[in-house]
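*Asks:* See coords-v4.tsv below, with TSV, C-alpha atoms.
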```tsv
chain	number	residue	atom	x	y	z
A	236	MET	CA	0.00	0.00	0.00
A	237	ARG	CA	1.42	3.34	-0.99
A	238	LYS	CA	0.89	6.65	0.71
A	239	GLU	CA	-0.80	8.22	-2.30
A	240	ASN	CA	-3.38	5.40	-2.33
A	241	SER	CA	-4.32	5.67	1.31
A	242	GLU	CA	-5.07	8.28	3.88
A	243	PHE	CA	-4.35	7.87	7.58
A	244	LYS	CA	-6.01	10.00	10.21
A	245	THR	CA	-4.67	9.58	13.71
A	246	ALA	CA	-5.78	10.93	17.05
A	247	PHE	CA	-4.69	10.40	20.63
A	248	VAL	CA	-7.00	10.72	23.61
A	249	SER	CA	-5.87	9.98	27.14
A	250	GLU	CA	-6.89	10.65	30.74
A	251	ALA	CA	-4.76	11.20	33.79
A	252	GLY	CA	-6.82	8.67	35.72
A	253	SER	CA	-5.86	8.61	39.39
A	254	PHE	CA	-2.60	10.50	38.76
A	255	LEU	CA	-2.35	14.27	39.12
A	256	LYS	CA	-0.64	14.61	35.73
A	257	ASN	CA	-1.16	12.59	32.56
A	258	ARG	CA	2.12	10.84	31.70
A	259	ASP	CA	0.97	8.94	28.58
A	260	PHE	CA	2.77	9.56	25.29
A	261	TYR	CA	2.09	8.88	21.61
A	262	GLY	CA	4.26	9.22	18.52
A	263	CYS	CA	4.46	8.03	14.94
A	264	VAL	CA	6.71	7.94	11.91
A	265	GLU	CA	5.19	7.56	8.44
A	266	LEU	CA	7.55	6.72	5.59
A	267	GLU	CA	6.89	5.90	1.94
A	268	ASP	CA	6.37	2.15	2.46
A	269	TRP	CA	6.24	1.75	6.25
A	270	ALA	CA	4.73	3.36	9.31
A	271	CYS	CA	5.27	2.90	13.04
A	272	TYR	CA	2.77	4.03	15.68
A	273	VAL	CA	3.70	3.80	19.36
A	274	ILE	CA	1.59	4.41	22.47
A	275	ALA	CA	3.05	4.21	25.96
A	276	ASP	CA	1.13	4.27	29.23
A	277	GLY	CA	2.84	6.60	31.69
A	278	LEU	CA	2.79	4.72	34.96
A	279	ASP	CA	5.75	6.40	36.64
A	280	THR	CA	5.39	9.05	39.29
A	281	ASP	CA	8.82	10.64	38.77
A	282	THR	CA	8.24	14.35	38.16
A	283	GLU	CA	11.62	14.87	36.43
A	284	VAL	CA	11.50	12.06	33.83
A	285	ASN	CA	8.64	10.94	31.60
A	286	SER	CA	9.48	7.30	30.89
A	287	ALA	CA	6.59	6.92	28.42
A	288	GLN	CA	8.01	9.74	26.28
A	289	ILE	CA	11.53	8.28	26.43
A	290	THR	CA	10.17	4.86	25.43
A	291	VAL	CA	8.22	6.18	22.44
A	292	GLN	CA	11.12	8.32	21.22
A	293	THR	CA	13.59	5.43	21.54
A	294	ILE	CA	11.37	3.01	19.59
A	295	LEU	CA	10.68	5.55	16.82
A	296	GLU	CA	14.37	6.44	16.55
A	297	SER	CA	15.25	2.75	16.25
A	298	PHE	CA	12.56	2.29	13.58
A	299	TRP	CA	13.80	5.32	11.65
A	300	LYS	CA	17.43	4.15	11.74
A	301	SER	CA	16.50	0.64	10.62
A	302	GLN	CA	15.01	1.87	7.33
A	303	PRO	CA	17.25	1.69	4.26
A	304	CYS	CA	18.49	4.96	2.81
A	305	PRO	CA	16.37	5.62	-0.32
A	306	ASN	CA	19.33	6.92	-2.40
A	307	ALA	CA	21.86	4.26	-1.38
A	308	ASP	CA	22.79	1.74	-4.09
```
Output the structure of this file as structure tokens.

*Replies:*
Amino acid sequence: MRKENSEFKTAFVSEAGSFLKNRDFYGCVELEDWACYVIADGLDTDTEVNSAQITVQTILESFWKSQPCPNAD
């Protein structure tokens, strides 16, 4: 499936639940032939570090780096 043949609409809705601050995080990377969507539930209570955000960013970075360079032969 190619990007020009399909249309993706994404949305992210989350609640803080019993925590004072919502720590959930969402991110995505859409490439020509592949896409990666990641959702992480923020269960930590550390006010300095958002582990859900770190997790999503690490996974997306790994996905991005694993894709072949389009101009490399």

*Asks:* Would you list the contacts of Glu250 of chain A as a list in words, taking every protein, DNA or RNA residue within 9 Å and counting all atoms listed in the file, but skipping same-chain residues closer than 6 positions in sequence?

*Replies:* Lys256, Asn257 and Asp259 of chain A

*Asks:* Taking into account only C-alpha atoms, which residue in the set A:Thr280, A:Cys271, A:Cys263, A:Ala246 is nearest to Gln302 of chain A?

*Replies:*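 When distances to Gln302 of chain A are compared using only C-alpha atoms, the smallest one comes from A:Cys271.
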
*Asks:* In Å, with one decimal, what is the gap from atom CA of Gly262 of chain A to atom CA of Leu295 of chain A?

*Replies:*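 These two atoms are separated by 7.6 Å.
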
*Asks:* Quick one: distance from atom CA of Ala275 of chain A to atom CA of Ile294 of chain A in Å, one decimal?

*Replies:* 10.5 Å

*Asks:* Show me, as JSON, numbers by chain, the residues that have an atom within 12 Å of Tyr272 of chain A when counting all atoms listed in the file, minus same-chain residues fewer than 5 positions from it.

*Replies:* {"A": [243, 244, 245, 246, 247, 260, 261, 262, 263, 264, 265, 266, 291, 292, 294, 295, 296, 298, 299]}

*Asks:* For a test of reading the model, state the distance in Å between atom CA of Lys300 of chain A and atom CA of Ala287 of chain A, rounded to one decimal.

*Replies:*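 Taking atom CA of Lys300 of chain A and atom CA of Ala287 of chain A, their separation equals 20.1 Å.
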
*Asks:* Some atoms are missing, so please complete segment 268-289 of chain A with N, CA, C and O atoms and return it as a PDB file, in the coordinates of the input.

*Replies:*
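Contents of out24.pdb, freshly written:
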```pdb
ATOM      1  N   ASP A 268       6.903   3.519   2.479  1.00  0.00           N
ATOM      2  CA  ASP A 268       6.370   2.150   2.460  1.00  0.00           C
ATOM      3  C   ASP A 268       6.041   1.588   3.846  1.00  0.00           C
ATOM      4  O   ASP A 268       5.496   0.493   3.940  1.00  0.00           O
ATOM      5  N   TRP A 269       6.412   2.268   4.894  1.00  0.00           N
ATOM      6  CA  TRP A 269       6.240   1.750   6.250  1.00  0.00           C
ATOM      7  C   TRP A 269       5.747   2.846   7.183  1.00  0.00           C
ATOM      8  O   TRP A 269       5.969   4.029   6.950  1.00  0.00           O
ATOM      9  N   ALA A 270       5.131   2.416   8.267  1.00  0.00           N
ATOM     10  CA  ALA A 270       4.730   3.360   9.310  1.00  0.00           C
ATOM     11  C   ALA A 270       4.883   2.663  10.659  1.00  0.00           C
ATOM     12  O   ALA A 270       4.784   1.439  10.762  1.00  0.00           O
ATOM     13  N   CYS A 271       5.134   3.438  11.684  1.00  0.00           N
ATOM     14  CA  CYS A 271       5.270   2.900  13.040  1.00  0.00           C
ATOM     15  C   CYS A 271       4.508   3.838  13.981  1.00  0.00           C
ATOM     16  O   CYS A 271       4.776   5.036  14.034  1.00  0.00           O
ATOM     17  N   TYR A 272       3.550   3.277  14.707  1.00  0.00           N
ATOM     18  CA  TYR A 272       2.770   4.030  15.680  1.00  0.00           C
ATOM     19  C   TYR A 272       3.047   3.434  17.058  1.00  0.00           C
ATOM     20  O   TYR A 272       2.982   2.224  17.231  1.00  0.00           O
ATOM     21  N   VAL A 273       3.348   4.277  18.027  1.00  0.00           N
ATOM     22  CA  VAL A 273       3.700   3.800  19.360  1.00  0.00           C
ATOM     23  C   VAL A 273       2.892   4.577  20.400  1.00  0.00           C
ATOM     24  O   VAL A 273       2.806   5.800  20.349  1.00  0.00           O
ATOM     25  N   ILE A 274       2.315   3.827  21.344  1.00  0.00           N
ATOM     26  CA  ILE A 274       1.590   4.410  22.470  1.00  0.00           C
ATOM     27  C   ILE A 274       2.187   3.829  23.739  1.00  0.00           C
ATOM     28  O   ILE A 274       2.376   2.618  23.845  1.00  0.00           O
ATOM     29  N   ALA A 275       2.496   4.686  24.690  1.00  0.00           N
ATOM     30  CA  ALA A 275       3.050   4.210  25.960  1.00  0.00           C
ATOM     31  C   ALA A 275       2.216   4.771  27.109  1.00  0.00           C
ATOM     32  O   ALA A 275       1.879   5.958  27.135  1.00  0.00           O
ATOM     33  N   ASP A 276       1.892   3.897  28.038  1.00  0.00           N
ATOM     34  CA  ASP A 276       1.130   4.270  29.230  1.00  0.00           C
ATOM     35  C   ASP A 276       2.098   4.775  30.283  1.00  0.00           C
ATOM     36  O   ASP A 276       3.013   4.059  30.681  1.00  0.00           O
ATOM     37  N   GLY A 277       1.943   6.015  30.701  1.00  0.00           N
ATOM     38  CA  GLY A 277       2.840   6.600  31.690  1.00  0.00           C
ATOM     39  C   GLY A 277       2.439   6.206  33.099  1.00  0.00           C
ATOM     40  O   GLY A 277       1.539   6.783  33.682  1.00  0.00           O
ATOM     41  N   LEU A 278       3.112   5.213  33.623  1.00  0.00           N
ATOM     42  CA  LEU A 278       2.790   4.720  34.960  1.00  0.00           C
ATOM     43  C   LEU A 278       3.714   5.247  36.042  1.00  0.00           C
ATOM     44  O   LEU A 278       3.476   5.012  37.216  1.00  0.00           O
ATOM     45  N   ASP A 279       4.780   5.921  35.644  1.00  0.00           N
ATOM     46  CA  ASP A 279       5.750   6.400  36.640  1.00  0.00           C
ATOM     47  C   ASP A 279       5.231   7.633  37.361  1.00  0.00           C
ATOM     48  O   ASP A 279       4.363   8.338  36.885  1.00  0.00           O
ATOM     49  N   THR A 280       5.769   7.873  38.510  1.00  0.00           N
ATOM     50  CA  THR A 280       5.390   9.050  39.290  1.00  0.00           C
ATOM     51  C   THR A 280       6.555  10.032  39.419  1.00  0.00           C
ATOM     52  O   THR A 280       6.434  11.025  40.122  1.00  0.00           O
ATOM     53  N   ASP A 281       7.655   9.762  38.749  1.00  0.00           N
ATOM     54  CA  ASP A 281       8.820  10.640  38.770  1.00  0.00           C
ATOM     55  C   ASP A 281       8.458  11.949  38.068  1.00  0.00           C
ATOM     56  O   ASP A 281       8.019  11.954  36.919  1.00  0.00           O
ATOM     57  N   THR A 282       8.620  13.064  38.740  1.00  0.00           N
ATOM     58  CA  THR A 282       8.240  14.350  38.160  1.00  0.00           C
ATOM     59  C   THR A 282       9.311  14.900  37.212  1.00  0.00           C
ATOM     60  O   THR A 282       9.039  15.806  36.437  1.00  0.00           O
ATOM     61  N   GLU A 283      10.527  14.370  37.263  1.00  0.00           N
ATOM     62  CA  GLU A 283      11.620  14.870  36.430  1.00  0.00           C
ATOM     63  C   GLU A 283      11.732  14.149  35.092  1.00  0.00           C
ATOM     64  O   GLU A 283      12.226  14.701  34.127  1.00  0.00           O
ATOM     65  N   VAL A 284      11.311  12.875  35.033  1.00  0.00           N
ATOM     66  CA  VAL A 284      11.500  12.060  33.830  1.00  0.00           C
ATOM     67  C   VAL A 284      10.167  11.455  33.414  1.00  0.00           C
ATOM     68  O   VAL A 284       9.447  10.903  34.240  1.00  0.00           O
ATOM     69  N   ASN A 285       9.846  11.566  32.131  1.00  0.00           N
ATOM     70  CA  ASN A 285       8.640  10.940  31.600  1.00  0.00           C
ATOM     71  C   ASN A 285       9.073   9.686  30.845  1.00  0.00           C
ATOM     72  O   ASN A 285       9.465   9.759  29.681  1.00  0.00           O
ATOM     73  N   SER A 286       8.999   8.532  31.492  1.00  0.00           N
ATOM     74  CA  SER A 286       9.480   7.300  30.890  1.00  0.00           C
ATOM     75  C   SER A 286       8.681   6.902  29.654  1.00  0.00           C
ATOM     76  O   SER A 286       9.221   6.304  28.723  1.00  0.00           O
ATOM     77  N   ALA A 287       7.397   7.229  29.602  1.00  0.00           N
ATOM     78  CA  ALA A 287       6.590   6.920  28.420  1.00  0.00           C
ATOM     79  C   ALA A 287       7.115   7.677  27.213  1.00  0.00           C
ATOM     80  O   ALA A 287       7.229   7.122  26.117  1.00  0.00           O
ATOM     81  N   GLN A 288       7.469   8.935  27.376  1.00  0.00           N
ATOM     82  CA  GLN A 288       8.010   9.740  26.280  1.00  0.00           C
ATOM     83  C   GLN A 288       9.356   9.186  25.829  1.00  0.00           C
ATOM     84  O   GLN A 288       9.607   9.049  24.629  1.00  0.00           O
ATOM     85  N   ILE A 289      10.223   8.846  26.760  1.00  0.00           N
ATOM     86  CA  ILE A 289      11.530   8.280  26.430  1.00  0.00           C
ATOM     87  C   ILE A 289      11.368   6.975  25.661  1.00  0.00           C
ATOM     88  O   ILE A 289      12.050   6.726  24.667  1.00  0.00           O
TER      89      ILE A 289
END
```
